[in-house]
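Chemist: Hey, dropping coords.cif in here, mmCIF, C-alpha atoms and all ligand atoms:
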data_input
loop_
_atom_site.label_atom_id
_atom_site.label_comp_id
_atom_site.auth_asym_id
_atom_site.auth_seq_id
_atom_site.Cartn_x
_atom_site.Cartn_y
_atom_site.Cartn_z
CA MET A 1 5.69 16.17 23.61
CA GLU A 2 8.43 15.83 21.04
CA ILE A 3 7.04 16.75 17.65
CA PRO A 4 8.44 14.75 14.76
CA GLN A 5 9.84 16.44 11.68
CA SER A 6 7.10 15.74 9.25
CA SER A 7 4.63 17.40 6.99
CA ILE A 8 1.38 18.41 8.69
CA CYS A 9 -0.43 15.37 7.30
CA GLY A 10 2.03 13.14 9.19
CA LEU A 11 0.97 14.53 12.58
CA ASP A 12 -1.81 13.17 14.68
CA ARG A 13 -4.22 15.53 16.38
CA ALA A 14 -2.31 15.71 19.67
CA GLU A 15 0.96 16.43 17.88
CA LEU A 16 -0.61 19.20 15.85
CA GLN A 17 -2.08 20.70 19.02
CA ALA A 18 1.36 20.58 20.63
CA LEU A 19 2.96 22.20 17.61
CA LEU A 20 0.46 25.05 17.74
CA ALA A 21 0.71 25.38 21.51
CA GLU A 22 4.39 26.22 21.07
CA ARG A 23 3.19 29.39 19.41
CA GLY A 24 0.61 30.00 22.10
CA GLU A 25 -2.29 28.97 19.86
CA PRO A 26 -5.42 27.48 21.48
CA SER A 27 -6.05 23.80 20.80
CA PHE A 28 -9.11 24.45 18.61
CA ARG A 29 -6.71 25.81 15.98
CA ALA A 30 -5.59 22.23 15.39
CA ASP A 31 -9.16 21.22 14.62
CA GLN A 32 -9.55 24.13 12.24
CA ILE A 33 -6.46 23.08 10.33
CA LEU A 34 -7.49 19.41 10.31
CA ASP A 35 -10.88 20.45 8.99
CA TRP A 36 -9.29 22.40 6.11
CA LEU A 37 -6.88 19.63 5.31
CA TYR A 38 -9.08 16.53 5.57
CA LYS A 39 -12.66 17.72 5.21
CA LYS A 40 -12.48 20.78 2.97
CA ARG A 41 -9.36 19.42 1.25
CA VAL A 42 -7.61 22.67 0.55
CA GLY A 43 -4.12 22.41 -0.91
CA ASN A 44 -2.47 25.40 0.77
CA TYR A 45 -2.51 27.55 3.87
CA SER A 46 -3.73 30.67 2.13
CA ALA A 47 -7.15 29.01 1.76
CA MET A 48 -7.42 28.57 5.55
CA THR A 49 -9.22 31.84 6.03
CA ASN A 50 -10.11 31.45 9.71
CA LEU A 51 -6.41 31.43 10.69
CA ASP A 52 -4.78 34.78 11.13
CA ARG A 53 -2.23 35.89 8.57
CA GLY A 54 0.73 35.60 10.92
CA LEU A 55 0.01 31.97 11.69
CA ARG A 56 -0.56 31.14 8.04
CA ALA A 57 2.73 32.74 7.08
CA HIS A 58 4.54 30.89 9.85
CA LEU A 59 3.08 27.54 8.81
CA GLU A 60 3.76 28.22 5.16
CA GLU A 61 7.38 28.86 5.92
CA ASN A 62 8.00 25.99 8.30
CA HIS A 63 5.63 23.10 7.64
CA ALA A 64 4.64 21.55 4.34
CA LEU A 65 1.03 20.38 4.25
CA THR A 66 1.76 17.16 2.37
CA GLY A 67 5.34 17.63 1.21
CA LEU A 68 4.75 15.63 -1.98
CA GLU A 69 5.39 17.03 -5.40
CA THR A 70 3.54 15.44 -8.28
CA VAL A 71 6.01 14.74 -11.06
CA ASP A 72 3.87 12.78 -13.46
CA TRP A 73 0.94 10.48 -13.84
CA GLU A 74 0.06 7.89 -16.44
CA GLY A 75 -3.33 6.50 -17.29
CA SER A 76 -3.86 2.97 -18.40
CA GLY A 77 -6.35 1.56 -20.91
CA ASP A 78 -8.20 -0.07 -18.03
CA GLU A 79 -8.38 3.24 -16.11
CA THR A 80 -5.70 2.34 -13.63
CA ARG A 81 -3.53 5.36 -12.99
CA LYS A 82 0.02 5.47 -11.76
CA TYR A 83 1.32 8.58 -10.04
CA LEU A 84 4.94 9.52 -9.58
CA PHE A 85 5.70 11.73 -6.58
CA ARG A 86 8.87 13.38 -5.47
CA LEU A 87 9.62 13.34 -1.75
CA ARG A 88 11.27 16.20 0.10
CA ASP A 89 14.70 14.57 -0.16
CA GLY A 90 14.36 14.20 -3.93
CA ARG A 91 13.57 10.49 -3.88
CA PHE A 92 10.60 9.12 -5.77
CA VAL A 93 7.64 7.06 -4.87
CA GLU A 94 4.81 5.61 -6.95
CA THR A 95 1.15 5.19 -6.08
CA VAL A 96 -1.48 3.38 -8.10
CA LEU A 97 -5.19 4.22 -8.28
CA ILE A 98 -7.44 1.37 -9.31
CA PRO A 99 -10.88 2.86 -9.84
CA ALA A 100 -14.13 0.95 -9.68
CA SER A 101 -12.33 -2.34 -9.61
CA PRO A 102 -13.83 -5.64 -8.69
CA SER A 103 -12.74 -5.68 -5.10
CA PHE A 104 -9.65 -7.35 -3.84
CA TYR A 105 -11.94 -9.96 -2.34
CA GLY A 106 -13.78 -10.79 -5.53
CA GLU A 107 -17.22 -9.21 -5.18
CA ARG A 108 -18.07 -6.35 -7.54
CA SER A 109 -18.27 -2.98 -5.95
CA ASP A 110 -17.72 0.71 -6.45
CA ARG A 111 -14.43 0.56 -4.68
CA ARG A 112 -11.77 3.00 -5.59
CA THR A 113 -8.65 1.39 -4.34
CA LEU A 114 -5.37 3.12 -3.78
CA CYS A 115 -2.23 1.05 -3.71
CA VAL A 116 0.28 2.99 -1.58
CA SER A 117 4.01 2.58 -1.17
CA SER A 118 5.53 2.25 2.28
CA GLN A 119 9.25 2.41 1.48
CA VAL A 120 11.56 3.72 -1.20
CA GLY A 121 12.82 0.47 -2.71
CA CYS A 122 12.60 -2.82 -0.86
CA ALA A 123 15.12 -4.97 0.99
CA TYR A 124 13.43 -8.34 0.64
CA ASP A 125 14.64 -9.30 -2.80
CA CYS A 126 11.74 -11.47 -3.93
CA LYS A 127 13.00 -12.97 -7.15
CA PHE A 128 9.95 -12.13 -9.24
CA CYS A 129 9.38 -8.51 -8.18
CA ALA A 130 10.66 -5.28 -9.72
CA SER A 131 10.49 -3.29 -6.49
CA GLY A 132 13.52 -4.90 -4.91
CA LEU A 133 15.75 -4.86 -7.99
CA ALA A 134 17.60 -1.72 -6.97
CA GLY A 135 17.61 -2.51 -3.25
CA PHE A 136 16.31 -0.57 -0.30
CA THR A 137 16.72 3.17 0.18
CA ARG A 138 14.61 4.24 3.14
CA ASN A 139 11.34 4.06 5.02
CA LEU A 140 8.58 6.52 4.27
CA ASP A 141 7.35 8.48 7.26
CA ALA A 142 3.66 8.59 8.14
CA GLY A 143 3.17 11.91 6.36
CA GLU A 144 4.62 10.56 3.13
CA ILE A 145 2.13 7.72 3.24
CA VAL A 146 -0.92 9.84 4.11
CA ALA A 147 0.15 12.39 1.50
CA GLN A 148 -0.15 9.78 -1.27
CA VAL A 149 -3.84 9.47 -0.47
CA LEU A 150 -4.45 13.22 -0.25
CA GLU A 151 -2.57 13.99 -3.44
CA VAL A 152 -4.22 11.29 -5.53
CA GLU A 153 -7.65 12.37 -4.30
CA ARG A 154 -6.84 15.95 -5.19
CA LEU A 155 -5.53 15.09 -8.67
CA SER A 156 -8.16 12.53 -9.59
CA LYS A 157 -11.05 14.21 -7.78
CA ALA A 158 -12.04 10.71 -6.73
CA ARG A 159 -12.76 9.76 -3.14
CA ILE A 160 -10.70 6.75 -2.24
CA ASN A 161 -12.54 4.21 -0.14
CA ASN A 162 -10.11 1.33 -0.01
CA ILE A 163 -6.38 1.30 0.61
CA VAL A 164 -3.93 -1.50 0.11
CA PHE A 165 -0.33 -1.33 1.29
CA MET A 166 0.81 -3.17 -1.82
CA GLY A 167 2.93 -0.58 -3.54
CA MET A 168 6.67 -0.45 -3.23
CA GLY A 169 8.24 -1.70 -0.01
CA GLU A 170 7.53 -4.05 2.86
CA PRO A 171 5.02 -2.32 5.16
CA LEU A 172 5.74 -4.52 8.15
CA ALA A 173 9.41 -3.56 7.98
CA ASN A 174 8.22 0.00 8.51
CA LEU A 175 5.55 -0.85 11.03
CA LYS A 176 5.84 2.22 13.22
CA HIS A 177 5.21 4.71 10.41
CA VAL A 178 2.68 2.49 8.67
CA LEU A 179 0.63 2.19 11.87
CA LYS A 180 0.79 5.90 12.46
CA ALA A 181 -0.34 6.56 8.88
CA ILE A 182 -3.16 4.06 9.32
CA GLY A 183 -4.25 5.91 12.45
CA ILE A 184 -4.47 9.18 10.51
CA ILE A 185 -6.17 7.57 7.51
CA ASN A 186 -8.71 5.92 9.81
CA ALA A 187 -9.37 8.80 12.23
CA ASP A 188 -12.63 10.75 12.20
CA TRP A 189 -10.63 13.96 12.20
CA GLY A 190 -8.43 12.53 9.40
CA ILE A 191 -9.27 10.82 6.13
CA GLY A 192 -11.92 8.66 7.78
CA ILE A 193 -11.59 5.37 5.93
CA GLY A 194 -12.81 2.40 7.96
CA ALA A 195 -10.25 -0.11 9.17
CA ARG A 196 -11.93 -2.92 7.22
CA HIS A 197 -11.06 -1.05 4.05
CA LEU A 198 -7.36 -0.95 4.87
CA THR A 199 -5.21 -3.93 3.91
CA VAL A 200 -1.60 -4.42 4.88
CA SER A 201 0.30 -6.89 2.73
CA THR A 202 3.45 -8.64 3.85
CA SER A 203 6.02 -10.99 2.41
CA GLY A 204 5.82 -12.81 5.74
CA LEU A 205 7.61 -11.02 8.60
CA ALA A 206 6.39 -13.31 11.37
CA PRO A 207 7.36 -11.22 14.44
CA GLN A 208 5.77 -8.10 12.96
CA ILE A 209 2.61 -10.02 12.11
CA ARG A 210 2.30 -10.69 15.85
CA LYS A 211 2.80 -7.02 16.61
CA LEU A 212 0.15 -6.12 14.08
CA ALA A 213 -2.19 -8.62 15.71
CA ASP A 214 -1.65 -6.91 19.06
CA GLN A 215 -2.88 -3.52 17.97
CA ALA A 216 -6.53 -2.66 18.18
CA LEU A 217 -7.73 -1.76 14.68
CA GLN A 218 -9.52 -4.39 12.62
CA ILE A 219 -7.42 -3.86 9.51
CA ARG A 220 -7.03 -6.64 6.99
CA LEU A 221 -3.93 -8.70 6.47
CA ALA A 222 -2.76 -10.14 3.17
CA VAL A 223 0.20 -12.47 3.00
CA SER A 224 2.26 -12.83 -0.16
CA LEU A 225 2.63 -16.57 0.01
CA HIS A 226 3.47 -17.64 -3.57
CA GLY A 227 4.62 -21.06 -2.45
CA ALA A 228 2.92 -23.64 -0.24
CA SER A 229 6.08 -25.59 0.54
CA ASP A 230 9.37 -24.28 1.91
CA GLU A 231 11.12 -25.67 -1.12
CA VAL A 232 9.12 -23.64 -3.64
CA ARG A 233 8.83 -20.55 -1.48
CA GLU A 234 12.51 -20.41 -0.68
CA ARG A 235 13.40 -20.47 -4.35
CA ILE A 236 11.56 -17.22 -5.02
CA MET A 237 11.40 -15.50 -1.61
CA PRO A 238 14.62 -15.25 0.44
CA ILE A 239 12.56 -14.17 3.50
CA ASN A 240 11.40 -17.78 3.75
CA ARG A 241 14.84 -18.79 5.02
CA LYS A 242 14.42 -16.47 7.96
CA TYR A 243 10.77 -17.24 8.59
CA PRO A 244 9.92 -20.63 7.08
CA LEU A 245 6.29 -21.62 6.62
CA GLU A 246 5.93 -23.22 10.03
CA ILE A 247 6.97 -20.02 11.79
CA LEU A 248 4.94 -17.87 9.42
CA PHE A 249 1.81 -19.95 9.99
CA GLU A 250 2.32 -19.88 13.73
CA SER A 251 2.25 -16.08 13.60
CA LEU A 252 -0.85 -16.22 11.38
CA ARG A 253 -2.65 -18.49 13.84
CA TYR A 254 -1.87 -15.93 16.49
CA TYR A 255 -3.22 -13.19 14.23
CA ARG A 256 -6.39 -15.19 13.64
CA SER A 257 -6.86 -15.66 17.36
CA LYS A 258 -6.84 -11.88 17.83
CA LYS A 259 -8.77 -10.63 14.79
CA LYS A 260 -12.14 -11.20 13.23
CA GLN A 261 -10.94 -10.54 9.70
CA HIS A 262 -10.02 -13.39 7.42
CA ILE A 263 -6.47 -13.49 6.16
CA THR A 264 -5.92 -13.42 2.41
CA PHE A 265 -3.14 -15.34 0.75
CA GLU A 266 -1.80 -13.72 -2.36
CA TYR A 267 -0.42 -16.26 -4.72
CA ILE A 268 1.28 -15.29 -7.97
CA LEU A 269 1.06 -18.01 -10.59
CA ILE A 270 4.47 -18.43 -12.20
CA GLU A 271 4.86 -20.91 -15.00
CA GLY A 272 6.71 -24.05 -14.03
CA VAL A 273 7.48 -22.74 -10.53
CA ASN A 274 4.34 -22.93 -8.42
CA ASP A 275 1.46 -23.62 -10.81
CA ALA A 276 1.13 -27.42 -10.66
CA PRO A 277 -2.08 -29.03 -9.31
CA GLU A 278 -0.11 -30.60 -6.42
CA GLU A 279 0.89 -27.09 -5.36
CA ALA A 280 -2.75 -26.10 -5.44
CA LYS A 281 -3.58 -28.99 -3.11
CA LEU A 282 -0.86 -27.98 -0.68
CA LEU A 283 -2.01 -24.39 -0.82
CA ALA A 284 -5.58 -25.49 -0.17
CA SER A 285 -4.59 -27.28 3.00
CA CYS A 286 -2.59 -24.27 4.23
CA ALA A 287 -5.53 -21.97 3.49
CA ARG A 288 -8.07 -24.25 5.12
CA SER A 289 -6.06 -24.56 8.30
CA LEU A 290 -6.18 -20.77 8.69
CA SER A 291 -9.61 -20.17 7.08
CA ALA A 292 -7.79 -17.96 4.62
CA LYS A 293 -9.00 -16.88 1.21
CA VAL A 294 -6.73 -17.08 -1.79
CA ASN A 295 -6.19 -14.37 -4.34
CA LEU A 296 -4.48 -15.77 -7.43
CA ILE A 297 -2.46 -13.27 -9.44
CA PRO A 298 -1.23 -14.29 -12.88
CA TYR A 299 2.42 -13.25 -12.97
CA ASN A 300 3.06 -9.79 -14.41
CA LEU A 301 6.06 -9.58 -16.68
CA VAL A 302 9.05 -7.73 -15.29
CA GLU A 303 11.71 -6.74 -17.77
CA GLY A 304 14.98 -8.51 -17.11
CA LEU A 305 13.42 -11.31 -15.04
CA PRO A 306 13.03 -14.82 -16.48
CA TRP A 307 9.60 -15.71 -15.15
CA ARG A 308 6.51 -16.29 -17.28
CA ARG A 309 2.80 -16.37 -16.70
CA PRO A 310 1.05 -19.72 -17.13
CA SER A 311 -1.73 -20.15 -19.70
CA ARG A 312 -5.28 -19.16 -18.80
CA GLU A 313 -6.13 -22.83 -18.78
CA THR A 314 -3.44 -23.60 -16.17
CA GLN A 315 -4.58 -20.63 -14.09
CA GLU A 316 -8.16 -21.83 -14.12
CA ARG A 317 -7.19 -25.40 -13.36
CA PHE A 318 -5.27 -24.16 -10.32
CA GLN A 319 -8.24 -22.14 -9.14
CA GLY A 320 -10.50 -25.15 -9.76
CA VAL A 321 -8.42 -27.34 -7.43
CA LEU A 322 -8.65 -24.75 -4.65
CA ARG A 323 -12.38 -24.42 -5.06
CA SER A 324 -12.95 -28.15 -5.15
CA GLU A 325 -11.05 -28.30 -1.84
CA GLY A 326 -13.50 -25.78 -0.42
CA VAL A 327 -11.16 -22.77 -0.43
CA PRO A 328 -12.53 -19.42 -1.67
CA ALA A 329 -10.22 -18.40 -4.48
CA THR A 330 -10.37 -15.50 -6.90
CA LEU A 331 -8.31 -15.16 -10.03
CA ARG A 332 -7.33 -11.55 -10.40
CA ARG A 333 -7.74 -9.90 -13.74
CA GLU A 334 -4.72 -7.79 -14.39
CA LYS A 335 -4.89 -4.07 -14.01
CA GLY A 336 -2.46 -1.46 -15.18
CA HIS A 337 -0.12 -3.89 -16.92
CA ASP A 338 0.40 -1.54 -19.86
CA ILE A 339 1.80 1.23 -17.65
CA GLU A 340 3.83 -1.04 -15.38
CA ALA A 341 1.53 -0.24 -12.51
CA ALA A 342 0.52 -3.82 -11.87
CA CYS A 343 1.65 -5.84 -8.85
CA GLY A 344 5.38 -6.20 -8.70
CA GLN A 345 6.02 -3.73 -11.47
CA LEU A 346 6.77 -0.69 -9.33
CA ARG A 347 10.45 -0.04 -9.26
CA LEU A 348 12.85 2.65 -8.20
CA ILE A 349 12.96 5.38 -10.76
CA GLU A 350 16.17 5.31 -12.69
CA GLU A 351 18.53 8.23 -13.04
CA GLU A 352 17.09 9.33 -16.37
CA LYS A 353 13.75 10.12 -14.76
CA ARG A 354 15.49 12.44 -12.37
CA GLY A 355 15.67 14.76 -15.35
CA VAL A 356 11.98 15.50 -14.91
CA VAL A 357 12.29 16.54 -11.30
CA GLY A 358 10.87 19.95 -10.69
CA VAL A 359 8.36 19.66 -13.49
CA SER A 360 5.03 19.84 -11.80
CA LEU A 361 1.87 18.51 -13.32
CA PRO A 362 1.10 20.54 -16.44
CA ALA A 363 -2.13 22.48 -16.20
CA GLY A 364 -4.95 20.71 -17.96
CA ARG A 365 -3.72 17.30 -17.04
CA GLU A 366 -5.71 17.30 -13.86
CA GLU A 367 -8.44 14.84 -14.42
CA SER A 368 -12.04 15.87 -14.39
CA GLY A 369 -14.57 13.82 -12.53
CA ALA A 370 -13.95 10.27 -11.48
N1 LIG B 1 6.15 -6.38 0.43
C1 LIG B 1 4.73 -6.57 0.58
C2 LIG B 1 3.95 -5.48 -0.10
C3 LIG B 1 4.11 -5.45 -1.60
S1 LIG B 1 2.65 -6.08 -2.23
C4 LIG B 1 4.35 -7.93 0.10
O1 LIG B 1 5.21 -8.64 -0.40
O2 LIG B 1 3.21 -8.34 0.29
C5 LIG B 1 2.98 -6.37 -3.85
C6 LIG B 1 2.31 -7.65 -4.29
O3 LIG B 1 2.64 -7.90 -5.65
C7 LIG B 1 2.85 -8.84 -3.51
O4 LIG B 1 1.87 -9.80 -3.32
C8 LIG B 1 3.91 -9.34 -4.46
O5 LIG B 1 4.27 -10.61 -4.16
C9 LIG B 1 3.20 -9.17 -5.77
N2 LIG B 1 4.09 -9.19 -6.92
C10 LIG B 1 5.39 -8.88 -6.96
N3 LIG B 1 5.88 -9.04 -8.19
C11 LIG B 1 4.86 -9.48 -8.96
C12 LIG B 1 4.73 -9.78 -10.33
N4 LIG B 1 5.76 -9.69 -11.16
N5 LIG B 1 3.53 -10.19 -10.78
C13 LIG B 1 2.47 -10.26 -9.94
N6 LIG B 1 2.52 -9.96 -8.64
C14 LIG B 1 3.71 -9.58 -8.16
#
Mind converting the file's structure to structure tokens?
Ligand code: SAH

Modeler:
Amino acid sequence: MEIPQSSICGLDRAELQALLAERGEPSFRADQILDWLYKKRVGNYSAMTNLDRGLRAHLEENHALTGLETVDWEGSGDETRKYLFRLRDGRFVETVLIPASPSFYGERSDRRTLCVSSQVGCAYDCKFCASGLAGFTRNLDAGEIVAQVLEVERLSKARINNIVFMGMGEPLANLKHVLKAIGIINADWGIGIGARHLTVSTSGLAPQIRKLADQALQIRLAVSLHGASDEVRERIMPINRKYPLEILFESLRYYRSKKKQHITFEYILIEGVNDAPEEAKLLASCARSLSAKVNLIPYNLVEGLPWRRPSRETQERFQGVLRSEGVPATLRREKGHDIEAACGQLRLIEEEKRGVVGVSLPAGREESGA
């Protein structure tokens, strides 16, 4: 088996066994390491006391456990926290913890949701989003995705029980690594979060939606729709030229035919662009045809972009139309707006922030309890 260059948390069980077999280690060593990493949650090899010193030293020298360096974190008034991590190649990625939030699907719960990034930057250039402003840099590998979960759990001391792929990047453009990360996050020997608590969000990559439908796990799918006609959607999402609504919906029907989970449409309300009652009617008919739910997100301001959020009254009127058409629709209360951790506010870290590279989290800033 060819073993990918990755941190340990980017390997599945068989790959870790193969890596250890190269050194003549028995396969139960892999389970010991997985147990330390995912169950006992130790942060370094020296804590893995049932491995002999030679093996520990070898691993220490050659394989990072998570490979992420915590550069900074910011807390928000509403308890949302944004973490800034440095990757092994010096690039940055952000991850957002949304504790005890009303769930993505509306009901109240004790969910602790982690919003993970799947790419550095984004290539899809949605006109309202900060993440694509500086373009696309690269895909994250599976380890860099899994590591976001492990590191945030370690820093916050909170157990995450819900993950949304709604940070920076387009997860379906990085399907291979995202699926591998999902496998590790879901596995009994790994983080162990149930597939129903994992949501992949896409700007609408129709062929990849089909591929996602063809794999076995019952993960959830969210589609960033934001326009219920090609005319409106095209104005704000260039991807719609490649995969117009008809093609997108065809792929979603296929997805529905393969999965039990309901699809969620995310729909940002942008003043004067997509917030009229006629748009709500169109959206309702799209949602009904796919038995989808709608999650309305009042637009979050992005510096340098011209878009505005409609009044609360307009937001509620829009939601009212959907509901009167029989479509389940939640209106999301914003989270993390004050620290630019809200949807669409994650952006590539500018040069000036590179100045802080190498500064690890100051002692005492680790949070206590959750
Ligand atoms: N590329 C994927 C994953 C990113 S998810 C996708 O598009 O689904 C990030 C979510 O935040 C998407 O629904 C996106 O459309 C939304 N978003 C982007 N900019 C926003 C903004 N300024 N205000 C509110 N939501 C925004």

Chemist: I want to know what sits within 6 Å of Tyr299 (chain A), based on all atoms listed in the file, with residues of the same chain fewer than 4 positions away left out; could you give that as a PDB file with C-alpha atoms, in the frame of the given file?

Modeler:
ATOM      1  CA  ILE A 268       1.280 -15.290  -7.970  1.00  0.00           C
ATOM      2  CA  LEU A 269       1.060 -18.010 -10.590  1.00  0.00           C
ATOM      3  CA  ILE A 270       4.470 -18.430 -12.200  1.00  0.00           C
ATOM      4  CA  ARG A 309       2.800 -16.370 -16.700  1.00  0.00           C
TER       5      ARG A 309
END

Chemist: Counting all atoms listed in the file, which protein, DNA or RNA residues come within 8 Å of ligand LIG 1 (chain B), given as a PyMOL selection string?

Modeler: chain A and resi 122+124+126+128-131+165-172+200-204+222-226+266-269+297-302+342-345

Chemist: Edge lengths and centre in Å to one decimal, as JSON, is what I'm after for the box along x, y and z that holds all listed atoms of region 224-228 of chain A once 4 Å is added on each side.

Modeler:
{"center_x": 3.4, "center_y": -18.2, "center_z": -1.8, "size_x": 10.4, "size_y": 18.8, "size_z": 11.6}

Chemist: For CA of Asp89 (chain A) and CA of Leu55 (chain A), determine how far apart the two atoms are, in Å to one decimal place.

Modeler: 25.7 Å

Chemist: Which is closer to Ile185 (chain A) than all the others in A:Pro306, A:Gly54, A:Gly43, A:Gly10, using all atoms listed in the file?

Modeler: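 Once distances to Ile185 (chain A) are computed over all atoms listed in the file, the minimum belongs to A:Gly10.
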